[in-house]
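A.B. asks: Next comes start-v9.csv, CSV, C-alpha atoms:
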chain,number,residue,atom,x,y,z
V,1,MET,CA,0.0,0.0,0.0
V,2,PRO,CA,1.3,3.5,-0.8
V,3,LEU,CA,2.0,6.0,2.0
V,4,ARG,CA,-1.2,8.1,2.1
V,5,ILE,CA,-0.9,11.8,3.1
V,6,GLY,CA,-3.9,14.1,3.6
V,7,PHE,CA,-3.7,17.9,3.5
V,8,LEU,CA,-6.5,19.7,5.2
V,9,ILE,CA,-7.4,22.9,3.5
V,10,TYR,CA,-10.0,25.5,4.6
V,11,PRO,CA,-11.2,29.0,3.6
V,12,GLU,CA,-8.4,31.5,3.8
V,13,PHE,CA,-5.5,29.0,4.1
V,14,THR,CA,-2.1,30.2,2.7
V,15,GLN,CA,-1.6,28.3,-0.5
V,16,LEU,CA,2.2,28.1,-0.2
V,17,ASP,CA,1.9,26.4,3.2
V,18,MET,CA,0.2,23.6,1.3
V,19,THR,CA,1.6,23.7,-2.2
V,20,ALA,CA,5.3,23.8,-1.2
V,21,PRO,CA,5.3,20.6,0.9
V,22,PHE,CA,2.9,19.1,-1.7
V,23,GLU,CA,5.6,19.3,-4.3
V,24,VAL,CA,8.0,17.4,-2.1
V,25,PHE,CA,5.5,14.8,-0.9
V,26,ALA,CA,4.3,14.1,-4.5
V,27,ARG,CA,7.8,13.2,-5.5
V,28,MET,CA,8.3,10.7,-2.6
V,29,PRO,CA,8.2,7.0,-3.7
V,30,GLU,CA,5.0,5.0,-3.4
V,31,THR,CA,3.1,8.0,-2.0
V,32,GLU,CA,-0.5,9.2,-2.5
V,33,VAL,CA,-1.4,12.8,-1.6
V,34,LEU,CA,-4.9,13.8,-0.9
V,35,VAL,CA,-6.2,17.4,-0.6
V,36,LEU,CA,-9.1,17.3,1.8
V,37,ALA,CA,-11.8,19.8,2.8
V,38,LYS,CA,-15.3,19.7,4.3
V,39,THR,CA,-16.8,19.5,0.7
V,40,ARG,CA,-15.5,19.1,-2.8
V,41,ASP,CA,-16.2,22.7,-3.6
V,42,ALA,CA,-13.2,24.9,-4.5
V,43,VAL,CA,-11.6,26.4,-1.4
V,44,PRO,CA,-10.3,30.0,-1.6
V,45,SER,CA,-6.8,30.8,-0.2
V,46,ASP,CA,-6.1,34.0,1.6
V,47,HIS,CA,-5.2,35.7,-1.6
V,48,GLY,CA,-7.9,34.4,-3.9
V,49,LEU,CA,-6.3,31.3,-5.4
V,50,HIS,CA,-9.0,28.5,-5.4
V,51,LEU,CA,-8.0,24.8,-4.9
V,52,LEU,CA,-10.2,21.9,-5.7
V,53,PRO,CA,-10.1,19.1,-3.1
V,54,ASN,CA,-10.0,15.5,-4.2
V,55,GLY,CA,-11.5,14.2,-1.0
V,56,THR,CA,-13.7,15.2,1.9
V,57,LEU,CA,-13.5,14.6,5.7
V,58,SER,CA,-16.4,12.2,5.4
V,59,ASP,CA,-15.1,10.1,2.6
V,60,CYS,CA,-11.4,10.2,3.5
V,61,PRO,CA,-9.7,6.8,3.7
V,62,HIS,CA,-7.1,5.9,6.3
V,63,LEU,CA,-4.2,8.4,6.4
V,64,ASP,CA,-0.6,7.6,7.3
V,65,MET,CA,0.1,11.3,7.6
V,66,LEU,CA,-1.8,14.5,8.3
V,67,CYS,CA,-0.6,17.9,7.2
V,68,VAL,CA,-2.3,21.2,8.1
V,69,PRO,CA,-1.3,24.5,6.5
V,70,GLY,CA,-1.7,27.8,8.1
V,71,GLY,CA,-3.4,31.0,7.0
V,72,PRO,CA,-5.7,33.8,8.3
V,73,GLY,CA,-8.6,31.2,8.3
V,74,CYS,CA,-6.9,29.2,11.0
V,75,ALA,CA,-8.8,31.1,13.8
V,76,ALA,CA,-12.2,30.0,12.5
V,77,THR,CA,-10.9,26.5,11.8
V,78,MET,CA,-9.6,26.2,15.3
V,79,GLU,CA,-13.3,26.4,16.4
V,80,ASP,CA,-14.8,24.2,13.8
V,81,GLU,CA,-16.0,21.1,15.7
V,82,GLU,CA,-16.2,19.0,12.5
V,83,VAL,CA,-12.6,19.7,11.6
V,84,LEU,CA,-11.3,19.3,15.1
V,85,THR,CA,-13.0,16.0,15.6
V,86,PHE,CA,-11.6,14.8,12.3
V,87,LEU,CA,-8.1,15.9,13.2
V,88,ALA,CA,-8.2,14.4,16.7
V,89,GLU,CA,-9.5,11.1,15.5
V,90,ARG,CA,-7.2,10.8,12.4
V,91,GLY,CA,-4.2,12.3,14.1
V,92,GLY,CA,-4.5,9.8,16.9
V,93,ARG,CA,-4.1,7.0,14.4
V,94,ALA,CA,-1.7,8.5,11.9
V,95,ASP,CA,2.0,7.6,11.8
V,96,TYR,CA,2.9,11.3,11.4
V,97,VAL,CA,1.2,14.6,12.2
V,98,THR,CA,2.7,17.6,10.5
V,99,SER,CA,2.0,21.3,9.9
V,100,VAL,CA,3.3,24.4,8.3
V,101,CYS,CA,3.1,27.9,9.8
V,102,THR,CA,-0.1,28.5,11.8
V,103,GLY,CA,-1.4,25.1,10.9
V,104,SER,CA,0.3,24.1,14.2
V,105,LEU,CA,-2.3,26.2,16.0
V,106,VAL,CA,-5.0,24.1,14.5
V,107,LEU,CA,-3.3,20.9,15.5
V,108,ALA,CA,-2.9,22.3,19.0
V,109,ALA,CA,-6.6,23.2,19.2
V,110,ALA,CA,-7.4,19.6,18.3
V,111,GLY,CA,-5.3,18.4,21.2
V,112,LEU,CA,-2.6,16.9,19.0
V,113,LEU,CA,0.4,18.9,20.3
V,114,ARG,CA,-0.1,18.5,24.1
V,115,GLY,CA,3.3,17.6,25.5
V,116,TYR,CA,5.1,18.0,22.2
V,117,ARG,CA,7.7,20.6,21.2
V,118,ALA,CA,6.4,22.5,18.2
V,119,THR,CA,6.9,25.6,16.2
V,120,SER,CA,4.8,28.1,14.2
V,121,HIS,CA,5.1,31.5,12.5
V,122,TRP,CA,7.3,33.8,14.7
V,123,SER,CA,4.4,36.1,15.4
V,124,VAL,CA,2.2,33.4,17.1
V,125,VAL,CA,4.6,30.6,18.2
V,126,GLU,CA,4.1,31.4,21.9
V,127,LEU,CA,0.4,30.8,21.6
V,128,LEU,CA,1.1,27.1,21.3
V,129,ALA,CA,1.7,26.9,25.0
V,130,LEU,CA,-2.0,27.7,25.7
V,131,CYS,CA,-2.9,24.3,24.5
V,132,GLY,CA,-0.1,22.4,26.2
V,133,ALA,CA,2.6,22.4,23.6
V,134,PHE,CA,6.2,23.6,24.2
V,135,PRO,CA,6.9,26.4,21.7
V,136,VAL,CA,10.3,26.4,20.0
V,137,ASN,CA,11.7,29.1,17.8
V,138,GLU,CA,13.2,26.9,15.1
V,139,ARG,CA,12.5,26.5,11.4
V,140,VAL,CA,11.5,22.8,11.7
V,141,VAL,CA,10.8,21.0,14.9
V,142,VAL,CA,10.7,17.2,15.2
V,143,ASP,CA,9.3,15.6,18.4
V,144,ARG,CA,8.6,11.9,18.0
V,145,ASN,CA,6.0,11.7,15.2
V,146,ARG,CA,5.0,15.4,15.3
V,147,ILE,CA,6.9,17.5,12.7
V,148,THR,CA,6.0,21.2,12.6
V,149,GLY,CA,7.4,24.0,10.4
V,150,ALA,CA,7.7,27.7,11.1
V,151,GLY,CA,6.5,30.4,8.7
V,152,VAL,CA,5.2,30.0,5.2
V,153,THR,CA,8.5,29.2,3.4
V,154,SER,CA,9.5,26.5,5.8
V,155,GLY,CA,7.1,24.1,4.1
V,156,ILE,CA,9.8,22.8,1.8
V,157,ASP,CA,12.2,22.3,4.7
V,158,THR,CA,9.6,20.6,6.7
V,159,ALA,CA,8.6,18.2,3.9
V,160,LEU,CA,12.2,17.4,3.1
V,161,ARG,CA,12.7,16.5,6.8
V,162,VAL,CA,9.6,14.2,6.5
V,163,ALA,CA,11.0,12.6,3.4
V,164,ALA,CA,14.4,11.9,5.1
V,165,THR,CA,12.6,10.5,8.2
V,166,ILE,CA,10.6,8.0,6.2
V,167,PHE,CA,12.7,7.3,3.1
V,168,GLY,CA,16.2,8.3,4.1
V,169,ASP,CA,18.6,11.1,3.4
V,170,GLU,CA,19.4,10.0,-0.2
V,171,VAL,CA,15.7,10.2,-1.3
V,172,ALA,CA,15.3,13.6,0.4
V,173,CYS,CA,18.5,14.9,-1.3
V,174,GLU,CA,17.4,13.7,-4.7
V,175,ILE,CA,14.0,15.5,-4.3
V,176,GLN,CA,15.8,18.7,-3.2
V,177,LEU,CA,17.9,18.5,-6.3
V,178,ARG,CA,15.0,17.8,-8.6
V,179,LEU,CA,13.2,20.9,-7.2
V,180,GLU,CA,16.5,22.8,-7.5
V,181,TYR,CA,15.9,24.0,-3.9
V,182,ASP,CA,19.0,26.1,-3.5
V,183,PRO,CA,17.8,29.3,-1.7
V,184,GLN,CA,19.7,32.5,-2.3
V,185,PRO,CA,17.4,35.2,-1.0
V,186,PRO,CA,18.1,38.7,-2.2
V,187,TYR,CA,17.8,40.0,1.4
V,188,ASP,CA,18.8,38.6,4.7
V,189,CYS,CA,15.8,39.7,6.6
V,190,GLY,CA,13.7,36.5,6.8
V,191,SER,CA,13.4,36.5,10.6
V,192,PRO,CA,12.8,39.2,13.3
V,193,GLU,CA,16.4,38.7,14.5
V,194,LYS,CA,17.7,39.6,11.1
V,195,ALA,CA,15.3,42.2,9.8
V,196,PRO,CA,15.7,45.9,10.6
V,197,THR,CA,13.7,47.0,13.6
V,198,GLU,CA,11.4,49.4,11.6
V,199,ILE,CA,10.5,46.6,9.2
V,200,VAL,CA,9.8,44.2,12.0
V,201,GLU,CA,7.5,46.8,13.6
V,202,ARG,CA,5.6,47.4,10.4
V,203,ALA,CA,5.2,43.7,9.8
V,204,ARG,CA,4.0,43.1,13.3
V,205,ALA,CA,1.5,45.9,13.1
V,206,VAL,CA,-0.1,44.2,10.1
V,207,MET,CA,-0.1,40.8,11.7
V,208,ASP,CA,-1.4,42.1,15.1
V,209,GLN,CA,-4.7,42.8,13.4
V,210,ARG,CA,-5.3,39.0,13.4
V,211,MET,CA,-3.5,38.2,16.6
V,212,GLY,CA,-6.5,39.0,18.8
V,213,ASP,CA,-8.7,36.5,16.9
V,214,ARG,CA,-6.1,33.8,17.1
V,215,ARG,CA,-5.3,34.3,20.8
V,216,ALA,CA,-9.0,34.2,21.6
V,217,ALA,CA,-9.5,31.0,19.6
V,218,MET,CA,-6.6,29.4,21.3
V,219,LEU,CA,-7.9,30.3,24.7
V,220,ARG,CA,-11.3,28.8,23.9
V,221,ALA,CA,-9.6,25.7,22.5
V,222,ALA,CA,-7.6,25.4,25.7
V,223,ALA,CA,-10.8,25.7,27.8
V,224,ARG,CA,-12.4,22.9,25.7
V,225,LEU,CA,-9.4,20.6,26.0
V,226,ASN,CA,-9.1,21.1,29.7
V,227,GLY,CA,-12.8,20.4,30.1
V,228,ARG,CA,-12.5,17.0,28.4
With the file now loaded, output its structure as C-alpha cells.
C.D. replies:
Amino acid sequence: MPLRIGFLIYPEFTQLDMTAPFEVFARMPETEVLVLAKTRDAVPSDHGLHLLPNGTLSDCPHLDMLCVPGGPGCAATMEDEEVLTFLAERGGRADYVTSVCTGSLVLAAAGLLRGYRATSHWSVVELLALCGAFPVNERVVVDRNRITGAGVTSGIDTALRVAATIFGDEVACEIQLRLEYDPQPPYDCGSPEKAPTEIVERARAVMDQRMGDRRAAMLRAAARLNGR
C-alpha cells in the first residue's frame, strides 16, 4: 500500500503552506497525496487562489500522515468542531502529524500537540503553550511523530525532513535536487532577528490585526481541551 498523506485545506488558508510541501511529498516514492476539505467545492486561499479538493472529511480513507497548512482562516478553523473532531481522530491513528506555519495552532486546538515541542510562525509561536505544547523558535521541529514548520516558506524544509525521516537522506537529497531548492534570497531579513527594527515593527503591526482572533480562539480551545 502507498504512503497516504492528507492535506486539510479550509477557507483563507495560505496556499504556499500547502503547495510547497505538496511538491516534495508528491515526489516521494509510493506515496499518494490527498487534498481534503469539508466539501469538494473549490476552497479559496487567503489571496484568492482556489484549490479543488480531491476528497472530503467524510469520505477520507485511512491516512498515514496529516498535514495542516496555516493562514488567516486558522482562527475560524480552530473552532470548527467537525474539523477538530476529524483531526483528533485521524491524528491519533496517523503515523505522522505535520503542519506548516499557523497550521500548528489548528493541531494544538485539536489536542494533538499536548506535551510536544512544536513551532509556528514567529508572530504566534508562543500561543502554542496555551494548548499544552512547548513552543520552539526553530524552522523545523521534530518531536517523535510530530513535525512542525515555522513560517510559510518553511514548508519545503519541513517536507524534506519528513522525506528523510521516512525514506532516508538520499531520497530527500534527490528530491531537493530535482526541485533545485538552492535558496539564495536577495535580502537577509527573513526573521525578526535579522530584519531591521522598523521593518519588524511594520510587519508586526499588520499581523497584530489578526493576533486577537487567534489568541481568543486558542484560549477557547484550551478551555475545551481542559474540560474534556
A.B. asks: Around (12.2, 21.3, 14.8), as given in the file, which residues come within 12 Å? Count all atoms listed in the file and list them as a ChimeraX atom specification.
C.D. replies: /V:98-100,116-120,134-150,154,157-159,161-162
A.B. asks: Return the single residue from V:Ala26, V:Ala133, V:Asp95, V:Ser45 that is closest to Leu112 of chain V, with distances computed using all atoms listed in the file.
C.D. replies: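 Distance minimum relative to Leu112 of chain V lands on V:Ala133.
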A.B. asks: To one decimal in Å, tell me the separation between atom CA of Glu81 of chain V and atom CA of Ser104 of chain V.
C.D. replies: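 A separation of 16.6 Å between them.
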A.B. asks: For Ala94 of chain V, which residue among V:Ala108, V:Ala222, V:Ile5, V:Ala129 is the nearest when counting all atoms listed in the file?
C.D. replies: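 Answer, going by the shortest atom-to-atom distance: V:Ile5.
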A.B. asks: Looking at V:Leu34, V:Ile9, V:Leu87, V:Ala163, which one is nearest to Asp46 of chain V, with distances taken over all atoms listed in the file?
C.D. replies: V:Ile9
A.B. asks: Can you check which parts of segment 79-157 of chain V lie within 12 Å of segment 56-63 of chain V? Per residue, the shortest pair of atoms and distance in Å to one decimal, counting only C-alpha atoms, sorted by chain and number, as CSV.
C.D. replies:
residue,atom,partner,partner_atom,distance
V:Glu82,CA,V:Leu57,CA,8.5
V:Val83,CA,V:Leu57,CA,7.9
V:Leu84,CA,V:Leu57,CA,10.7
V:Thr85,CA,V:Leu57,CA,10.0
V:Phe86,CA,V:Leu57,CA,6.9
V:Leu87,CA,V:Leu57,CA,9.3
V:Glu89,CA,V:His62,CA,10.8
V:Arg90,CA,V:Leu63,CA,7.1
V:Gly91,CA,V:Leu63,CA,8.6
V:Gly92,CA,V:Leu63,CA,10.6
V:Arg93,CA,V:Leu63,CA,8.1
V:Ala94,CA,V:Leu63,CA,6.0
V:Asp95,CA,V:Leu63,CA,8.3
V:Tyr96,CA,V:Leu63,CA,9.2
V:Val97,CA,V:Leu63,CA,10.1
A.B. asks: If we count all atoms listed in the file and set the cut-off at 10 Å, which residues sit around Met78 of chain V, ignoring sequence neighbours fewer than 6 positions away in its own chain? Please answer as a short mmCIF file (atom, residue, chain, number, x, y, z; two decimals) with C-alpha atoms, keeping the file's coordinate frame.
C.D. replies:
data_model
loop_
_atom_site.label_atom_id
_atom_site.label_comp_id
_atom_site.auth_asym_id
_atom_site.auth_seq_id
_atom_site.Cartn_x
_atom_site.Cartn_y
_atom_site.Cartn_z
CA LEU V 84 -11.30 19.30 15.10
CA GLY V 103 -1.40 25.10 10.90
CA LEU V 105 -2.30 26.20 16.00
CA VAL V 106 -5.00 24.10 14.50
CA LEU V 107 -3.30 20.90 15.50
CA ALA V 108 -2.90 22.30 19.00
CA ALA V 109 -6.60 23.20 19.20
CA ALA V 110 -7.40 19.60 18.30
CA ARG V 214 -6.10 33.80 17.10
CA ALA V 217 -9.50 31.00 19.60
CA MET V 218 -6.60 29.40 21.30
CA ARG V 220 -11.30 28.80 23.90
CA ALA V 221 -9.60 25.70 22.50
#
A.B. asks: Is there a way to get, as a list in words, all residues within 12 Å of the point (-5.4, 37.2, -2.8) in file coordinates, counting all atoms listed in the file?
C.D. replies: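 I get Pro11, Glu12, Phe13, Thr14, Gln15, Pro44, Ser45, Asp46, His47, Gly48, Leu49, His50, Gly71 and Pro72 of chain V for the residues within 12 Å of that point.
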A.B. asks: Counting only C-alpha atoms, which residue out of V:Glu198, V:Leu16, V:Arg210, V:Ser191 sits closest to Cys74 of chain V?
C.D. replies: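 Result for the nearest residue to Cys74 of chain V: V:Arg210.
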A.B. asks: Work out how far apart atom CA of Gly115 of chain V and atom CA of Val68 of chain V are and give it in Å to one decimal.
C.D. replies: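 Separation of atom CA of Gly115 of chain V and atom CA of Val68 of chain V: 18.6 Å.
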